Structure formats: C-alpha cells, structure tokens
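Some notes on the structure that comes next.
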Amino acid sequence: MTTPADVLSYWFGPLDESSYPQERLGIWWGKSTETDAFIRTTFQATLEAIGRGELDWTSSARGRLAQVLVLDQFSRNMHRDQPGMYALDHLAQDLALDGVMTRADADLTPVERSFLYMPFMHAENIALQRLCVRKFQELRDTARPADADSWTRTLDYAVQHRDIVERFGRFPHRNRILGRESTAEELAFLEEPGSSF
C-alpha cells in the first residue's frame, strides 16, 4: 500500500514553495496512456482502500491533500472515460470542504492548495463551484508576479466550470459516460468549442 508521501512525491515532484512547477503540467493536464497505466498500477489498491474507508490520512494537511489527490485526480487517470472517474468525487469534495472549514489549507503551499480545491471544480453543485471560484481568485490575487499568468488561466477554468454548472446543473460532457440522457440544449452546447474538459 502506498503512503501520503508516495502520492505527493509522484504528483508534485520537488516542490519549491513559491513557484508554479511548469514541468508537472503534462502529468496534471495531459492525457497519456503511460501516465494512466502507471497511476493505475501504483495507486489503484490505495484508491480502493480509501473508497472502502480503510485508509484515513486526514490527521495532517498534507495527508488530507494526498487522500484528495487519490480520490479526485488519480481516479480520473485510472478510470478514464468510464463512470469510475466520478464515483468517489463526493468523498473528495467532503474532505476538501472540511479542509477549508478547518483551515487545513493554510498549511499548504499555493500549488498544493489548488489541488485541495480541485474537487470543487469537479462538483456538479453550484455552491461548491462558487466556492471554487473564490478560492482560485484568492490564489491568483496572492500569486508571485512570475506565476500570475498560470493562476489567471486556472481561475478562468474555474469560472468556466462554474458557468456550466450554473447553466445546466451538471456537466453535459459527462452524460454519455454516466448513461444520462442529454437535453436538446445540452446537445447543442456540446457542439461548441470548450464544452468538455
């Protein structure tokens, strides 16, 4: 079974507290069968144990972050384009929200905080989406000038996600994967650029 340190080391690499690690962007936002396979092989047993309630790393801020990463990010690599991508989102959202409410996020670097907040961006819940935008606004507003563009782009994505959930109450691009019927308005929206993430 992997540990929180294994999760954080893989996801962030060497993390300078003040910098946005450009070299990690391919792992974080790219689609790679090799990355997906590595994460599945290395972390699937951990995801399953967390999902069954057999692992709890929330006694520290970074332990909580590692648990959120497994539930929210690694699940998407392991189950790409399958319903399992979203199956444990509610657990990640609960952990992230508790982390914000207890101010555990204050113990994390800005980049680490961004991934604690990411479950809000993935939520089909408008209150969590609005919280997401507020938290990413805070990160952008307090960023080093050298990192401002990166944080502005991330905030833009948060706003886009919020606007979709505000409009539809859900993410239409998930409908096919989850076996949900799309409305005519959603089908028209899915023809537009930037309608899927």
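In the structure tokens, chains take letters A, B, ... by order of appearance, with residues numbered from 1 within each chain and ligands from 1 in the order shown.
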query = Hey, what's within 12 Å of range 137-150 of chain A if we count only C-alpha atoms and toss same-chain stuff fewer than 3 positions away? As a count of residues only, please?
reply = 30
Sorted by chain and rising residue number, which residues of range 65-111 of chain A lie within 9 Å of range 173-177 of chain A, and what are their closest atom pairs and distances in Å to one decimal, counting only C-alpha atoms, as CSV?
residue,atom,partner,partner_atom,distance
A:Asp81,CA,A:Ile177,CA,6.3
A:Gln82,CA,A:Ile177,CA,5.8
A:Pro83,CA,A:Ile177,CA,5.9
Put those residues in a file: N, CA, C and O atoms, as an mmCIF file, in the first residue's frame.
data_model
loop_
_atom_site.group_PDB
_atom_site.id
_atom_site.type_symbol
_atom_site.label_atom_id
_atom_site.label_comp_id
_atom_site.auth_asym_id
_atom_site.auth_seq_id
_atom_site.Cartn_x
_atom_site.Cartn_y
_atom_site.Cartn_z
ATOM 1 N N ASP A 81 -12.617 7.957 -18.993
ATOM 2 C CA ASP A 81 -13.781 7.753 -19.862
ATOM 3 C C ASP A 81 -14.696 6.624 -19.393
ATOM 4 O O ASP A 81 -15.437 6.044 -20.187
ATOM 5 N N GLN A 82 -14.658 6.339 -18.102
ATOM 6 C CA GLN A 82 -15.548 5.346 -17.503
ATOM 7 C C GLN A 82 -16.228 5.981 -16.287
ATOM 8 O O GLN A 82 -15.712 6.933 -15.704
ATOM 9 N N PRO A 83 -17.378 5.442 -15.853
ATOM 10 C CA PRO A 83 -18.079 6.037 -14.706
ATOM 11 C C PRO A 83 -17.230 6.116 -13.442
ATOM 12 O O PRO A 83 -17.437 7.010 -12.618
#
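Between CA of Ala45 in chain A and CA of Asn77 in chain A lies a distance of 13.8 Å.
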request  = Using DSSP on the backbone, list every residue of chain A that comes out as alpha helix (DSSP H), and give them as a ChimeraX atom specification.
outcome  = /A:4-12,25-29,33-51,61-68,75-78,89-101,110-121,126-141,148-168,175-178,184-190
inquiry  = Need the shell around range 49-59 of chain A: protein/DNA/RNA residues with any atom at most 12 Å away, counting only C-alpha atoms. Skip same-chain ones fewer than 6 positions apart. Format as JSON, numbers by chain?
reply    = {"A": [1, 2, 3, 4, 5, 7, 43, 65, 66, 67, 68, 69, 70, 71, 72, 75, 84, 87, 88, 89, 90, 91, 92, 94, 95, 96, 98, 99, 102, 104, 105]}
message = Env of Phe168 in chain A: 12 Å cut, atoms = only C-alpha atoms, seq-sep filter 6 positions within chain, self excluded. Answer as a ChimeraX atom specification.
response = /A:124-126,161-162,174-175,182-187,189-190,195
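Nearest to Trp11 in chain A of all the residues A:Tyr86, A:Phe74, A:Val165, A:Ser60 is A:Phe74, based on only C-alpha atoms.
Closest approach to Thr46 in chain A from the set A:Glu166, A:Asp6, A:Glu181, A:Glu191 is made by A:Asp6, with distances taken over only C-alpha atoms.
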inquiry  = So that I can check the surroundings of Ala37 in chain A, please list as a list of chain:residue names every protein, DNA and RNA residue that reaches within 8 Å of it, counting only C-alpha atoms and ignoring chain neighbours fewer than 4 positions away.
reply    = A:Thr33, A:Thr41, A:Asn77, A:Met78
Create the file for the chosen residues now, containing C-alpha atoms and written as a PDB file, in the first residue's frame.
ATOM      1  CA  THR A  33      -1.889   6.109 -21.620  1.00  0.00           C
ATOM      2  CA  THR A  41      -0.602   0.054 -11.323  1.00  0.00           C
ATOM      3  CA  ASN A  77      -6.398   8.542 -14.682  1.00  0.00           C
ATOM      4  CA  MET A  78      -7.311   5.042 -13.530  1.00  0.00           C
TER       5      MET A  78
END
